[in-house]
Amino acid sequence: MLTPPDTDPLTPEDRTLMGPGPSEVHPRVLRVMSAPLVGHLDDSFIEIMDEVQELLRYTFQTENQWTIPVSGTGSAAMEAAFANVVEPGDTVLVPTNGYFGGRMASMAERAGGEVAYVEAPWGEPLDPDAVADAFHRHDPDVFGFVHAETSTGALQPNVPALTDIAHDNDAYVIADTVTSLGGVELRVDEWGIDVAYSGAQKCLSCPPGASPLTLSDRAMEKVLDRDSEVRSWYLDLSLLEGYWGDERSYHHTAPITNVYALREALQLVAEEGLEARWERHREMATHLKEGLETLGLELNPEDEYWLPSLNAVRILEGIDESALLRDMKEDHDLEVASGLGDLEGEIIRIGCMGYSARTSNVELVLHALEDALRKQGYEP
């Protein structure tokens, strides 16, 4: 018989989280996570499900009936979007301007789609003229774009210009809003987005595990009229319809505690008000940006497409990025992150999201960063 491992009760590190996610969890969200479990078909839980859907509609700014939390992290919501909307043989147009455009391509291919690309440099948004040209060349059925690119700190401006091009060509639009939902302006219905997915752990300041997804009636019709079954049983929205729709019939056991947490996080969004919340993120990120400039540091994206919730900071020549991040963590219990993909080694990524987006955290980042730079001989 195996003996028990020599472990102690869990005592996680107490970090200040200012990286690209997760952000710090609001105390009220932590509190509800200790609430007793009920069954996933309990009348009281069904009422919570209804409230989560209504709060998600407000946060997405949509009237879409099909607005649900997917059981899983943000990548599960992303895969649900592509696995359901993309059918074998569909042409899917995706961007090249960041790490998560590449993930879109991978998921579209696994769903049986044929991937085409609209080109843009890393750290820059898509140009509507380039999107129009790509539509002319590839005639895609589905167009995916990243609203807030976590890998580069770039925000896609003028989203309606992109969705208009897609709809003029009878294509469906899938938007990655993982780092924008609840943090920067997002208007799903007004901007003509057919499908949007997100994560709970960024601007909503909620642990990952129940991830927002919304589909328009038009997009859901495509899902329900598919010629072939969705390749994922777990993420098949035609099956999930029975649980999150009117029937409330069993499909899988929902992550009950995560749904509690998401419901409270969305309640906090509603109490603050979306526009006030967007403004708070911008004010805190502006404070961070001004402090970085005082240290002689620059952001990677241009001001016109700067993403307040995720700040990509260029590394100074001669600075050891790994040592910088290590010193900030070891000396200040502060977590920020390195770059991804094409920008690995060129930037560090500082989040300013949700409950983390407050003055004390921003000032800690600036102090810790200055301290870590001085350790390497840099004098601001």
# chains A, B, ... in the order shown; residues from 1 in each chain; ligands from 1
$ residues_around --residues "region 143-150 of chain A" --least-positions-apart "3" --cutoff "8 Å" --atoms "only C-alpha atoms" --output "MDAnalysis selection string"
chainID A and resid 20 92:95 98:101 104 140 153:156 159 166 171:180 307 310
$ write_last_selection --atoms "C-alpha atoms" --output "tab-separated table (two decimals), in the first residue's frame"
chain	number	residue	atom	x	y	z
A	20	PRO	CA	-1.39	39.90	-18.05
A	92	VAL	CA	-11.56	31.43	-41.69
A	93	LEU	CA	-9.72	34.74	-41.88
A	94	VAL	CA	-7.51	35.48	-38.86
A	95	PRO	CA	-4.91	38.16	-38.03
A	98	GLY	CA	-0.28	38.87	-32.14
A	99	TYR	CA	0.00	35.58	-30.32
A	100	PHE	CA	-3.73	35.02	-29.98
A	101	GLY	CA	-4.39	35.46	-33.68
A	104	MET	CA	-7.35	31.41	-33.53
A	140	PRO	CA	-13.92	33.90	-45.95
A	153	GLY	CA	-0.74	45.66	-25.57
A	154	ALA	CA	-2.55	46.86	-28.70
A	155	LEU	CA	-6.26	47.70	-28.86
A	156	GLN	CA	-8.17	47.32	-32.12
A	159	VAL	CA	-14.26	47.80	-34.73
A	166	ALA	CA	-17.40	41.10	-42.91
A	171	ALA	CA	-19.23	36.45	-43.10
A	172	TYR	CA	-19.55	35.87	-39.37
A	173	VAL	CA	-17.39	37.85	-36.94
A	174	ILE	CA	-15.73	36.25	-33.90
A	175	ALA	CA	-14.06	38.68	-31.47
A	176	ASP	CA	-11.51	37.86	-28.79
A	177	THR	CA	-12.44	40.13	-25.88
A	178	VAL	CA	-10.44	38.31	-23.19
A	179	THR	CA	-8.50	41.42	-22.09
A	180	SER	CA	-11.19	43.98	-22.85
A	307	LEU	CA	-4.61	49.16	-24.47
A	310	LEU	CA	-2.42	45.61	-20.66
$ residues_around --residues "region 69-86 of chain A" --least-positions-apart "2" --cutoff "6 Å" --atoms "only C-alpha atoms" --output "JSON, numbers by chain"
{"A": [108, 111, 197, 198, 199, 208, 209, 210, 211, 212, 213, 223, 230, 235]}
$ write_last_selection --atoms "all heavy atoms" --output "JSON list (two decimals), in the first residue's frame"
[["chain", "number", "residue", "atom", "x", "y", "z"],
["A", 108, "ALA", "N", -9.25, 27.09, -35.46],
["A", 108, "ALA", "CA", -10.03, 27.01, -36.69],
["A", 108, "ALA", "C", -9.64, 25.78, -37.51],
["A", 108, "ALA", "O", -10.51, 25.08, -38.06],
["A", 108, "ALA", "CB", -9.84, 28.28, -37.52],
["A", 111, "ALA", "N", -11.06, 22.66, -36.09],
["A", 111, "ALA", "CA", -12.49, 22.57, -36.36],
["A", 111, "ALA", "C", -12.79, 22.19, -37.80],
["A", 111, "ALA", "O", -13.96, 22.02, -38.17],
["A", 111, "ALA", "CB", -13.18, 23.89, -36.02],
["A", 197, "TYR", "N", -16.00, 36.09, -27.12],
["A", 197, "TYR", "CA", -15.65, 35.26, -25.97],
["A", 197, "TYR", "C", -14.66, 36.02, -25.09],
["A", 197, "TYR", "O", -13.98, 36.95, -25.54],
["A", 197, "TYR", "CB", -15.05, 33.92, -26.41],
["A", 197, "TYR", "CG", -13.80, 34.04, -27.26],
["A", 197, "TYR", "CD1", -12.55, 34.21, -26.69],
["A", 197, "TYR", "CD2", -13.88, 34.00, -28.65],
["A", 197, "TYR", "CE1", -11.41, 34.32, -27.47],
["A", 197, "TYR", "CE2", -12.75, 34.13, -29.45],
["A", 197, "TYR", "CZ", -11.52, 34.28, -28.85],
["A", 197, "TYR", "OH", -10.39, 34.41, -29.62],
["A", 198, "SER", "N", -14.59, 35.61, -23.81],
["A", 198, "SER", "CA", -13.71, 36.30, -22.88],
["A", 198, "SER", "C", -13.28, 35.34, -21.78],
["A", 198, "SER", "O", -13.56, 34.14, -21.82],
["A", 198, "SER", "CB", -14.40, 37.54, -22.30],
["A", 198, "SER", "OG", -13.48, 38.37, -21.62],
["A", 199, "GLY", "N", -12.56, 35.89, -20.81],
["A", 199, "GLY", "CA", -12.13, 35.14, -19.65],
["A", 199, "GLY", "C", -12.56, 35.89, -18.40],
["A", 199, "GLY", "O", -12.82, 37.09, -18.44],
["A", 208, "PRO", "N", -10.27, 32.02, -12.89],
["A", 208, "PRO", "CA", -10.68, 31.34, -14.13],
["A", 208, "PRO", "C", -11.50, 30.10, -13.82],
["A", 208, "PRO", "O", -11.33, 29.46, -12.78],
["A", 208, "PRO", "CB", -9.34, 30.99, -14.79],
["A", 208, "PRO", "CG", -8.35, 30.96, -13.67],
["A", 208, "PRO", "CD", -8.81, 31.97, -12.67],
["A", 209, "GLY", "N", -12.40, 29.77, -14.74],
["A", 209, "GLY", "CA", -13.19, 28.56, -14.55],
["A", 209, "GLY", "C", -14.59, 28.62, -15.12],
["A", 209, "GLY", "O", -15.19, 27.60, -15.42],
["A", 210, "ALA", "N", -15.14, 29.82, -15.30],
["A", 210, "ALA", "CA", -16.43, 30.03, -15.96],
["A", 210, "ALA", "C", -16.25, 31.24, -16.86],
["A", 210, "ALA", "O", -16.08, 32.35, -16.37],
["A", 210, "ALA", "CB", -17.55, 30.24, -14.95],
["A", 211, "SER", "N", -16.27, 31.03, -18.19],
["A", 211, "SER", "CA", -15.78, 32.05, -19.13],
["A", 211, "SER", "C", -16.88, 32.57, -20.05],
["A", 211, "SER", "O", -17.59, 31.78, -20.69],
["A", 211, "SER", "CB", -14.63, 31.47, -19.96],
["A", 211, "SER", "OG", -13.58, 31.08, -19.09],
["A", 212, "PRO", "N", -17.02, 33.90, -20.15],
["A", 212, "PRO", "CA", -18.11, 34.50, -20.90],
["A", 212, "PRO", "C", -18.06, 34.22, -22.40],
["A", 212, "PRO", "O", -16.99, 34.25, -23.03],
["A", 212, "PRO", "CB", -17.93, 36.00, -20.63],
["A", 212, "PRO", "CG", -17.22, 36.06, -19.31],
["A", 212, "PRO", "CD", -16.28, 34.90, -19.35],
["A", 213, "LEU", "N", -19.24, 33.98, -22.96],
["A", 213, "LEU", "CA", -19.40, 33.75, -24.40],
["A", 213, "LEU", "C", -20.77, 34.28, -24.80],
["A", 213, "LEU", "O", -21.75, 34.06, -24.08],
["A", 213, "LEU", "CB", -19.31, 32.26, -24.71],
["A", 213, "LEU", "CG", -19.62, 31.82, -26.15],
["A", 213, "LEU", "CD1", -18.52, 32.30, -27.09],
["A", 213, "LEU", "CD2", -19.75, 30.30, -26.23],
["A", 223, "VAL", "N", -24.89, 27.56, -36.03],
["A", 223, "VAL", "CA", -24.50, 26.43, -35.18],
["A", 223, "VAL", "C", -25.56, 25.33, -35.24],
["A", 223, "VAL", "O", -25.24, 24.14, -35.42],
["A", 223, "VAL", "CB", -24.29, 26.90, -33.72],
["A", 223, "VAL", "CG1", -24.06, 25.70, -32.80],
["A", 223, "VAL", "CG2", -23.13, 27.88, -33.64],
["A", 230, "VAL", "N", -20.54, 19.14, -34.07],
["A", 230, "VAL", "CA", -19.37, 19.81, -33.51],
["A", 230, "VAL", "C", -18.41, 18.74, -33.01],
["A", 230, "VAL", "O", -18.82, 17.73, -32.41],
["A", 230, "VAL", "CB", -19.80, 20.74, -32.35],
["A", 230, "VAL", "CG1", -18.59, 21.34, -31.64],
["A", 230, "VAL", "CG2", -20.71, 21.85, -32.88],
["A", 235, "LEU", "N", -18.19, 21.00, -25.56],
["A", 235, "LEU", "CA", -18.39, 22.40, -25.92],
["A", 235, "LEU", "C", -19.45, 22.60, -27.00],
["A", 235, "LEU", "O", -19.59, 23.69, -27.53],
["A", 235, "LEU", "CB", -17.05, 23.01, -26.39],
["A", 235, "LEU", "CG", -15.93, 23.02, -25.36],
["A", 235, "LEU", "CD1", -14.63, 23.53, -25.99],
["A", 235, "LEU", "CD2", -16.30, 23.89, -24.16]]
$ select_by_dssp --residues "region 118-344 of chain A" --states "alpha helix (DSSP H)" --output "short mmCIF file (atom, residue, chain, number, x, y, z; two decimals) with N, CA, C and O atoms, in the first residue's frame"
data_model
loop_
_atom_site.label_atom_id
_atom_site.label_comp_id
_atom_site.auth_asym_id
_atom_site.auth_seq_id
_atom_site.Cartn_x
_atom_site.Cartn_y
_atom_site.Cartn_z
N PRO A 128 -8.40 48.45 -41.80
CA PRO A 128 -9.61 48.04 -42.53
C PRO A 128 -9.36 47.81 -44.03
O PRO A 128 -9.98 46.91 -44.62
N ASP A 129 -8.47 48.58 -44.64
CA ASP A 129 -8.17 48.36 -46.06
C ASP A 129 -7.53 46.99 -46.28
O ASP A 129 -7.82 46.31 -47.27
N ALA A 130 -6.66 46.59 -45.36
CA ALA A 130 -6.03 45.27 -45.47
C ALA A 130 -7.06 44.17 -45.26
O ALA A 130 -7.02 43.12 -45.92
N VAL A 131 -8.01 44.39 -44.35
CA VAL A 131 -9.08 43.41 -44.13
C VAL A 131 -9.95 43.30 -45.38
O VAL A 131 -10.29 42.19 -45.82
N ALA A 132 -10.30 44.44 -45.97
CA ALA A 132 -11.12 44.42 -47.19
C ALA A 132 -10.39 43.69 -48.31
O ALA A 132 -11.00 42.90 -49.05
N ASP A 133 -9.10 43.93 -48.42
CA ASP A 133 -8.32 43.24 -49.46
C ASP A 133 -8.28 41.74 -49.20
O ASP A 133 -8.40 40.93 -50.14
N ALA A 134 -8.11 41.34 -47.95
CA ALA A 134 -8.08 39.92 -47.61
C ALA A 134 -9.43 39.26 -47.91
O ALA A 134 -9.49 38.11 -48.36
N PHE A 135 -10.52 39.98 -47.67
CA PHE A 135 -11.84 39.44 -48.02
C PHE A 135 -11.96 39.26 -49.52
O PHE A 135 -12.52 38.26 -50.01
N HIS A 136 -11.44 40.19 -50.28
CA HIS A 136 -11.50 40.10 -51.74
C HIS A 136 -10.72 38.90 -52.25
O HIS A 136 -11.15 38.19 -53.17
N ARG A 137 -9.57 38.62 -51.60
CA ARG A 137 -8.71 37.53 -52.06
C ARG A 137 -9.18 36.16 -51.59
O ARG A 137 -9.04 35.17 -52.31
N HIS A 138 -9.74 36.09 -50.38
CA HIS A 138 -10.02 34.77 -49.79
C HIS A 138 -11.50 34.44 -49.63
O HIS A 138 -11.83 33.28 -49.42
N VAL A 159 -13.79 49.16 -34.45
CA VAL A 159 -14.26 47.80 -34.73
C VAL A 159 -15.38 47.77 -35.77
O VAL A 159 -15.39 46.89 -36.65
N PRO A 160 -16.35 48.70 -35.76
CA PRO A 160 -17.42 48.63 -36.77
C PRO A 160 -16.91 48.65 -38.21
O PRO A 160 -17.56 48.08 -39.09
N ALA A 161 -15.77 49.28 -38.46
CA ALA A 161 -15.23 49.28 -39.82
C ALA A 161 -14.88 47.86 -40.26
O ALA A 161 -15.02 47.51 -41.44
N LEU A 162 -14.44 47.03 -39.32
CA LEU A 162 -14.10 45.64 -39.65
C LEU A 162 -15.35 44.79 -39.78
O LEU A 162 -15.47 43.97 -40.71
N THR A 163 -16.30 44.95 -38.85
CA THR A 163 -17.50 44.12 -38.91
C THR A 163 -18.36 44.46 -40.12
O THR A 163 -19.00 43.57 -40.70
N ASP A 164 -18.36 45.72 -40.53
CA ASP A 164 -19.11 46.10 -41.74
C ASP A 164 -18.56 45.38 -42.96
O ASP A 164 -19.34 44.91 -43.82
N ILE A 165 -17.25 45.29 -43.06
CA ILE A 165 -16.63 44.58 -44.19
C ILE A 165 -17.07 43.13 -44.19
O ILE A 165 -17.45 42.56 -45.21
N ALA A 166 -17.02 42.51 -43.01
CA ALA A 166 -17.40 41.10 -42.91
C ALA A 166 -18.86 40.88 -43.29
O ALA A 166 -19.18 39.98 -44.09
N HIS A 167 -19.74 41.70 -42.76
CA HIS A 167 -21.16 41.50 -43.02
C HIS A 167 -21.52 41.83 -44.47
O HIS A 167 -22.43 41.21 -45.03
N ASP A 168 -20.83 42.79 -45.08
CA ASP A 168 -21.05 43.07 -46.50
C ASP A 168 -20.69 41.88 -47.37
O ASP A 168 -21.15 41.77 -48.52
N ASP A 217 -28.27 35.75 -32.66
CA ASP A 217 -29.22 34.78 -33.22
C ASP A 217 -28.71 34.24 -34.55
O ASP A 217 -28.85 33.04 -34.84
N ARG A 218 -28.15 35.13 -35.36
CA ARG A 218 -27.63 34.72 -36.67
C ARG A 218 -26.54 33.68 -36.52
O ARG A 218 -26.51 32.66 -37.23
N ALA A 219 -25.62 33.90 -35.57
CA ALA A 219 -24.53 32.95 -35.36
C ALA A 219 -25.06 31.63 -34.80
O ALA A 219 -24.61 30.54 -35.20
N MET A 220 -26.04 31.71 -33.88
CA MET A 220 -26.57 30.48 -33.30
C MET A 220 -27.34 29.69 -34.33
O MET A 220 -27.34 28.45 -34.30
N GLU A 221 -27.97 30.35 -35.26
CA GLU A 221 -28.64 29.63 -36.35
C GLU A 221 -27.64 28.82 -37.16
O GLU A 221 -27.93 27.69 -37.57
N LYS A 222 -26.47 29.39 -37.40
CA LYS A 222 -25.44 28.66 -38.12
C LYS A 222 -25.02 27.41 -37.35
O LYS A 222 -24.82 26.33 -37.91
N VAL A 223 -24.89 27.56 -36.03
CA VAL A 223 -24.50 26.43 -35.18
C VAL A 223 -25.56 25.33 -35.24
O VAL A 223 -25.24 24.14 -35.42
N LEU A 224 -26.82 25.70 -35.12
CA LEU A 224 -27.90 24.72 -35.06
C LEU A 224 -28.21 24.10 -36.42
O LEU A 224 -28.82 23.02 -36.49
N LEU A 237 -22.56 23.64 -28.46
CA LEU A 237 -23.61 24.55 -28.01
C LEU A 237 -25.01 24.03 -28.32
O LEU A 237 -25.96 24.41 -27.64
N SER A 238 -25.15 23.15 -29.29
CA SER A 238 -26.47 22.58 -29.55
C SER A 238 -26.89 21.65 -28.43
O SER A 238 -28.08 21.42 -28.22
N LEU A 239 -25.91 21.11 -27.69
CA LEU A 239 -26.21 20.31 -26.51
C LEU A 239 -26.32 21.20 -25.26
O LEU A 239 -27.19 20.98 -24.41
N LEU A 240 -25.44 22.18 -25.16
CA LEU A 240 -25.49 23.09 -24.01
C LEU A 240 -26.78 23.91 -24.00
O LEU A 240 -27.19 24.41 -22.95
N GLU A 241 -27.42 24.01 -25.17
CA GLU A 241 -28.69 24.73 -25.26
C GLU A 241 -29.70 24.17 -24.26
O GLU A 241 -30.49 24.90 -23.67
N GLY A 242 -29.65 22.85 -24.05
CA GLY A 242 -30.60 22.24 -23.14
C GLY A 242 -30.39 22.65 -21.69
O GLY A 242 -31.34 22.69 -20.90
N TYR A 243 -29.14 22.97 -21.33
CA TYR A 243 -28.84 23.35 -19.95
C TYR A 243 -29.02 24.85 -19.73
O TYR A 243 -29.64 25.27 -18.75
N TRP A 244 -28.48 25.65 -20.64
CA TRP A 244 -28.54 27.10 -20.45
C TRP A 244 -29.79 27.73 -21.09
O TRP A 244 -30.07 28.90 -20.87
N ILE A 256 -19.88 25.02 -10.00
CA ILE A 256 -20.83 25.83 -9.23
C ILE A 256 -20.15 27.00 -8.53
O ILE A 256 -20.60 28.15 -8.60
N THR A 257 -19.02 26.72 -7.86
CA THR A 257 -18.33 27.80 -7.14
C THR A 257 -17.83 28.87 -8.10
O THR A 257 -17.87 30.07 -7.80
N ASN A 258 -17.36 28.47 -9.28
CA ASN A 258 -16.91 29.45 -10.27
C ASN A 258 -18.05 30.29 -10.80
O ASN A 258 -17.88 31.48 -11.10
N VAL A 259 -19.23 29.69 -10.91
CA VAL A 259 -20.40 30.47 -11.34
C VAL A 259 -20.80 31.46 -10.25
O VAL A 259 -21.14 32.62 -10.55
N TYR A 260 -20.75 31.03 -8.98
CA TYR A 260 -20.96 32.00 -7.88
C TYR A 260 -20.01 33.19 -8.05
O TYR A 260 -20.40 34.35 -7.92
N ALA A 261 -18.73 32.86 -8.26
CA ALA A 261 -17.70 33.89 -8.33
C ALA A 261 -17.94 34.84 -9.49
O ALA A 261 -17.84 36.07 -9.35
N LEU A 262 -18.27 34.28 -10.65
CA LEU A 262 -18.52 35.12 -11.82
C LEU A 262 -19.74 36.00 -11.59
O LEU A 262 -19.74 37.18 -11.95
N ARG A 263 -20.76 35.45 -10.98
CA ARG A 263 -21.96 36.24 -10.71
C ARG A 263 -21.64 37.44 -9.82
O ARG A 263 -22.10 38.56 -10.08
N GLU A 264 -20.81 37.24 -8.79
CA GLU A 264 -20.45 38.36 -7.90
C GLU A 264 -19.55 39.36 -8.62
O GLU A 264 -19.68 40.57 -8.42
N ALA A 265 -18.63 38.87 -9.44
CA ALA A 265 -17.75 39.77 -10.20
C ALA A 265 -18.56 40.64 -11.15
O ALA A 265 -18.30 41.85 -11.29
N LEU A 266 -19.56 40.04 -11.79
CA LEU A 266 -20.41 40.80 -12.71
C LEU A 266 -21.32 41.77 -11.94
O LEU A 266 -21.64 42.86 -12.44
N GLN A 267 -21.73 41.38 -10.74
CA GLN A 267 -22.50 42.29 -9.89
C GLN A 267 -21.67 43.53 -9.57
O GLN A 267 -22.20 44.66 -9.57
N LEU A 268 -20.38 43.36 -9.32
CA LEU A 268 -19.50 44.49 -9.06
C LEU A 268 -19.39 45.40 -10.27
O LEU A 268 -19.33 46.62 -10.15
N VAL A 269 -19.36 44.80 -11.47
CA VAL A 269 -19.35 45.60 -12.70
C VAL A 269 -20.62 46.45 -12.78
O VAL A 269 -20.57 47.65 -13.07
N ALA A 270 -21.76 45.83 -12.52
CA ALA A 270 -23.04 46.54 -12.60
C ALA A 270 -23.12 47.66 -11.58
O ALA A 270 -23.64 48.75 -11.87
N GLU A 271 -22.62 47.42 -10.38
CA GLU A 271 -22.67 48.44 -9.32
C GLU A 271 -21.78 49.64 -9.67
O GLU A 271 -22.15 50.79 -9.42
N GLU A 272 -20.62 49.36 -10.22
CA GLU A 272 -19.72 50.46 -10.60
C GLU A 272 -20.23 51.19 -11.82
O GLU A 272 -20.07 52.41 -11.94
N LEU A 274 -20.59 50.43 -16.23
CA LEU A 274 -19.58 50.13 -17.26
C LEU A 274 -18.74 51.34 -17.63
O LEU A 274 -17.51 51.26 -17.70
N GLU A 275 -19.39 52.47 -17.90
CA GLU A 275 -18.62 53.63 -18.35
C GLU A 275 -17.68 54.12 -17.26
O GLU A 275 -16.53 54.51 -17.55
N ALA A 276 -18.12 54.09 -16.01
CA ALA A 276 -17.24 54.48 -14.90
C ALA A 276 -16.09 53.49 -14.78
O ALA A 276 -14.95 53.88 -14.48
N ARG A 277 -16.37 52.23 -15.01
CA ARG A 277 -15.34 51.20 -14.91
C ARG A 277 -14.31 51.38 -16.03
O ARG A 277 -13.11 51.28 -15.80
N TRP A 278 -14.78 51.62 -17.24
CA TRP A 278 -13.85 51.88 -18.35
C TRP A 278 -12.96 53.09 -18.02
O TRP A 278 -11.75 53.06 -18.27
N GLU A 279 -13.56 54.13 -17.46
CA GLU A 279 -12.80 55.34 -17.13
C GLU A 279 -11.79 55.06 -16.03
O GLU A 279 -10.66 55.58 -16.06
N ARG A 280 -12.17 54.27 -15.04
CA ARG A 280 -11.21 53.93 -13.97
C ARG A 280 -9.99 53.20 -14.54
O ARG A 280 -8.85 53.50 -14.17
N HIS A 281 -10.22 52.27 -15.42
CA HIS A 281 -9.09 51.55 -16.02
C HIS A 281 -8.18 52.52 -16.78
O HIS A 281 -6.95 52.44 -16.69
N ARG A 282 -8.79 53.45 -17.50
CA ARG A 282 -7.98 54.42 -18.25
C ARG A 282 -7.21 55.34 -17.31
O ARG A 282 -6.03 55.63 -17.54
N GLU A 283 -7.83 55.79 -16.24
CA GLU A 283 -7.16 56.68 -15.29
C GLU A 283 -5.98 55.98 -14.62
O GLU A 283 -4.89 56.56 -14.51
N MET A 284 -6.18 54.77 -14.18
CA MET A 284 -5.10 54.04 -13.51
C MET A 284 -3.96 53.72 -14.49
O MET A 284 -2.78 53.82 -14.15
N ALA A 285 -4.33 53.33 -15.71
CA ALA A 285 -3.30 53.02 -16.71
C ALA A 285 -2.56 54.28 -17.14
O ALA A 285 -1.35 54.23 -17.43
N THR A 286 -3.25 55.42 -17.16
CA THR A 286 -2.58 56.69 -17.48
C THR A 286 -1.57 57.03 -16.38
O THR A 286 -0.45 57.48 -16.68
N HIS A 287 -1.95 56.82 -15.14
CA HIS A 287 -1.02 57.02 -14.02
C HIS A 287 0.21 56.14 -14.19
O HIS A 287 1.35 56.58 -14.01
N LEU A 288 0.00 54.89 -14.57
CA LEU A 288 1.11 53.96 -14.81
C LEU A 288 1.96 54.44 -15.97
O LEU A 288 3.20 54.49 -15.88
N LYS A 289 1.33 54.81 -17.05
CA LYS A 289 2.04 55.25 -18.25
C LYS A 289 2.90 56.47 -17.97
O LYS A 289 4.07 56.56 -18.39
N GLU A 290 2.35 57.43 -17.24
CA GLU A 290 3.12 58.64 -16.92
C GLU A 290 4.30 58.31 -16.02
O GLU A 290 5.40 58.87 -16.18
N GLY A 291 4.09 57.38 -15.08
CA GLY A 291 5.20 56.98 -14.22
C GLY A 291 6.29 56.26 -14.98
O GLY A 291 7.49 56.45 -14.72
N LEU A 292 5.90 55.42 -15.95
CA LEU A 292 6.89 54.72 -16.78
C LEU A 292 7.71 55.72 -17.59
O LEU A 292 8.94 55.58 -17.74
N GLU A 293 7.05 56.73 -18.11
CA GLU A 293 7.76 57.76 -18.89
C GLU A 293 8.76 58.51 -18.01
O GLU A 293 9.86 58.86 -18.47
N THR A 294 8.39 58.75 -16.75
CA THR A 294 9.32 59.39 -15.81
C THR A 294 10.57 58.54 -15.60
O THR A 294 11.68 59.06 -15.41
N GLU A 321 16.05 41.09 -18.74
CA GLU A 321 14.61 40.98 -18.48
C GLU A 321 14.30 39.96 -17.38
O GLU A 321 13.50 40.22 -16.48
N SER A 322 14.93 38.80 -17.44
CA SER A 322 14.66 37.75 -16.45
C SER A 322 15.02 38.22 -15.04
O SER A 322 14.28 37.98 -14.08
N ALA A 323 16.16 38.89 -14.90
CA ALA A 323 16.58 39.40 -13.59
C ALA A 323 15.63 40.49 -13.11
O ALA A 323 15.32 40.58 -11.91
N LEU A 324 15.15 41.30 -14.04
CA LEU A 324 14.21 42.37 -13.69
C LEU A 324 12.93 41.79 -13.08
O LEU A 324 12.48 42.21 -12.01
N LEU A 325 12.35 40.79 -13.76
CA LEU A 325 11.12 40.18 -13.27
C LEU A 325 11.35 39.43 -11.97
O LEU A 325 10.51 39.47 -11.06
N ARG A 326 12.50 38.75 -11.87
CA ARG A 326 12.82 38.00 -10.65
C ARG A 326 12.95 38.93 -9.45
O ARG A 326 12.42 38.67 -8.37
N ASP A 327 13.65 40.06 -9.64
CA ASP A 327 13.85 40.98 -8.53
C ASP A 327 12.53 41.61 -8.08
O ASP A 327 12.30 41.82 -6.87
N MET A 328 11.66 41.93 -9.03
CA MET A 328 10.37 42.51 -8.66
C MET A 328 9.55 41.50 -7.85
O MET A 328 8.87 41.88 -6.89
N LYS A 329 9.64 40.23 -8.21
CA LYS A 329 8.89 39.20 -7.48
C LYS A 329 9.51 38.93 -6.11
O LYS A 329 8.82 38.88 -5.10
N GLU A 330 10.82 38.74 -6.08
CA GLU A 330 11.48 38.36 -4.83
C GLU A 330 11.53 39.51 -3.82
O GLU A 330 11.37 39.30 -2.61
N ASP A 331 11.73 40.73 -4.30
CA ASP A 331 11.88 41.86 -3.38
C ASP A 331 10.56 42.52 -3.01
O ASP A 331 10.46 43.18 -1.97
N HIS A 332 9.55 42.37 -3.89
CA HIS A 332 8.30 43.11 -3.67
C HIS A 332 7.04 42.24 -3.76
O HIS A 332 5.93 42.79 -3.69
#
$ atom_distance --atom1 "CA of Thr152 (chain A)" --atom2 "CA of Asn300 (chain A)"
7.4 Å
$ atom_distance --atom1 "CA of Ser338 (chain A)" --atom2 "CA of Glu370 (chain A)"
16.7 Å
$ atom_distance --atom1 "CA of Leu373 (chain A)" --atom2 "CA of Ile315 (chain A)"
10.4 Å
$ residues_around --residues "Gln376 (chain A)" --least-positions-apart "3" --cutoff "8 Å" --atoms "only C-alpha atoms" --output "MDAnalysis selection string"
chainID A and resid 319:320 372:373
$ select_by_dssp --residues "region 60-302 of chain A" --states "strand (DSSP E)" --output "number ranges by chain"
A: 66-72, 91-95, 114-118, 142-146, 148-149, 154-155, 172-176, 195-197, 209-215
$ closest_residue --among "A:Asn158, A:Ser356, A:Asn97, A:Asn311" --to "Gly123 (chain A)" --atoms "only C-alpha atoms"
A:Asn97
$ closest_residue --among "A:Val184, A:Ala196, A:Ile68, A:Leu340" --to "Met49 (chain A)" --atoms "only C-alpha atoms"
A:Ile68
$ residues_around --residues "region 54-61 of chain A" --least-positions-apart "5" --cutoff "7 Å" --atoms "only C-alpha atoms" --output "list of chain:residue names"
A:Thr67, A:Leu181, A:Gly182, A:Leu186, A:Arg187, A:Val188, A:Asp189, A:Leu266, A:Gln267
$ closest_residue --among "A:Pro36, A:Pro125, A:Pro9, A:Gly21" --to "Cys352 (chain A)" --atoms "only C-alpha atoms"
A:Gly21
$ closest_residue --among "A:Asp170, A:Ala312, A:Leu295, A:Pro88" --to "Glu379 (chain A)" --atoms "only C-alpha atoms"
A:Leu295
$ residues_around --residues "Gly339 (chain A)" --least-positions-apart "4" --cutoff "8 Å" --atoms "only C-alpha atoms" --output "list of chain:residue names"
A:Ser151, A:Thr152, A:Leu343, A:Glu344, A:Gly345, A:Glu346, A:Ile347, A:Ile348, A:Arg349
